[in-house]
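Engineer: Would you mind keeping the following structure in view while I ask a few things?
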Amino acid sequence: MSVDLASELWSEIKRYINEIDREEAAEVYINVLIDNDVDAEEIRTAFRGDSEIKRALQTYLDDEEEEEEEDDEEYDNW
């Protein structure tokens, strides 16, 4: 599936998701895209107008960065 199609799908289905649940839904959506080898930059470009997806992507990237730092610290402690 192309990232542009994923963006169109998100635009359509998010209308049916309660606003309270959209943040979590966006996080799950980002994880599915990343798990299917969609690059973060492609996501950022395709979803540039969507605040929920932007926040979810940033959270994902921040978590990945923290995980890498923890791995580096763990390796340094050997």
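Naming scheme: A, B, ... for chains in displayed order of the structure tokens; residues 1 onward per chain; ligands 1 onward as shown.
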Please identify which residues in chain A DSSP calls alpha helix (DSSP H) from the backbone, and express them as a VMD selection string.

Structural biologist: chain A and resid 3 to 13 19 to 35 40 to 46 51 to 76

Engineer: Pick out the residues sitting within 7 Å of segment 53-61 of chain A, and hand them over as a list in words; count only C-alpha atoms, and ignore anything fewer than 6 positions along from it in its own chain.

Structural biologist: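 Final neighbour list, sorted by chain and number: Ala26, Glu27, Ile30, Arg44 and Phe47 of chain A.
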
Engineer: In Å, with one decimal, what is the gap from atom CA of Ile17 of chain A to atom CA of Glu52 of chain A?

Structural biologist: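 Taking atom CA of Ile17 of chain A and atom CA of Glu52 of chain A, their separation equals 12.0 Å.
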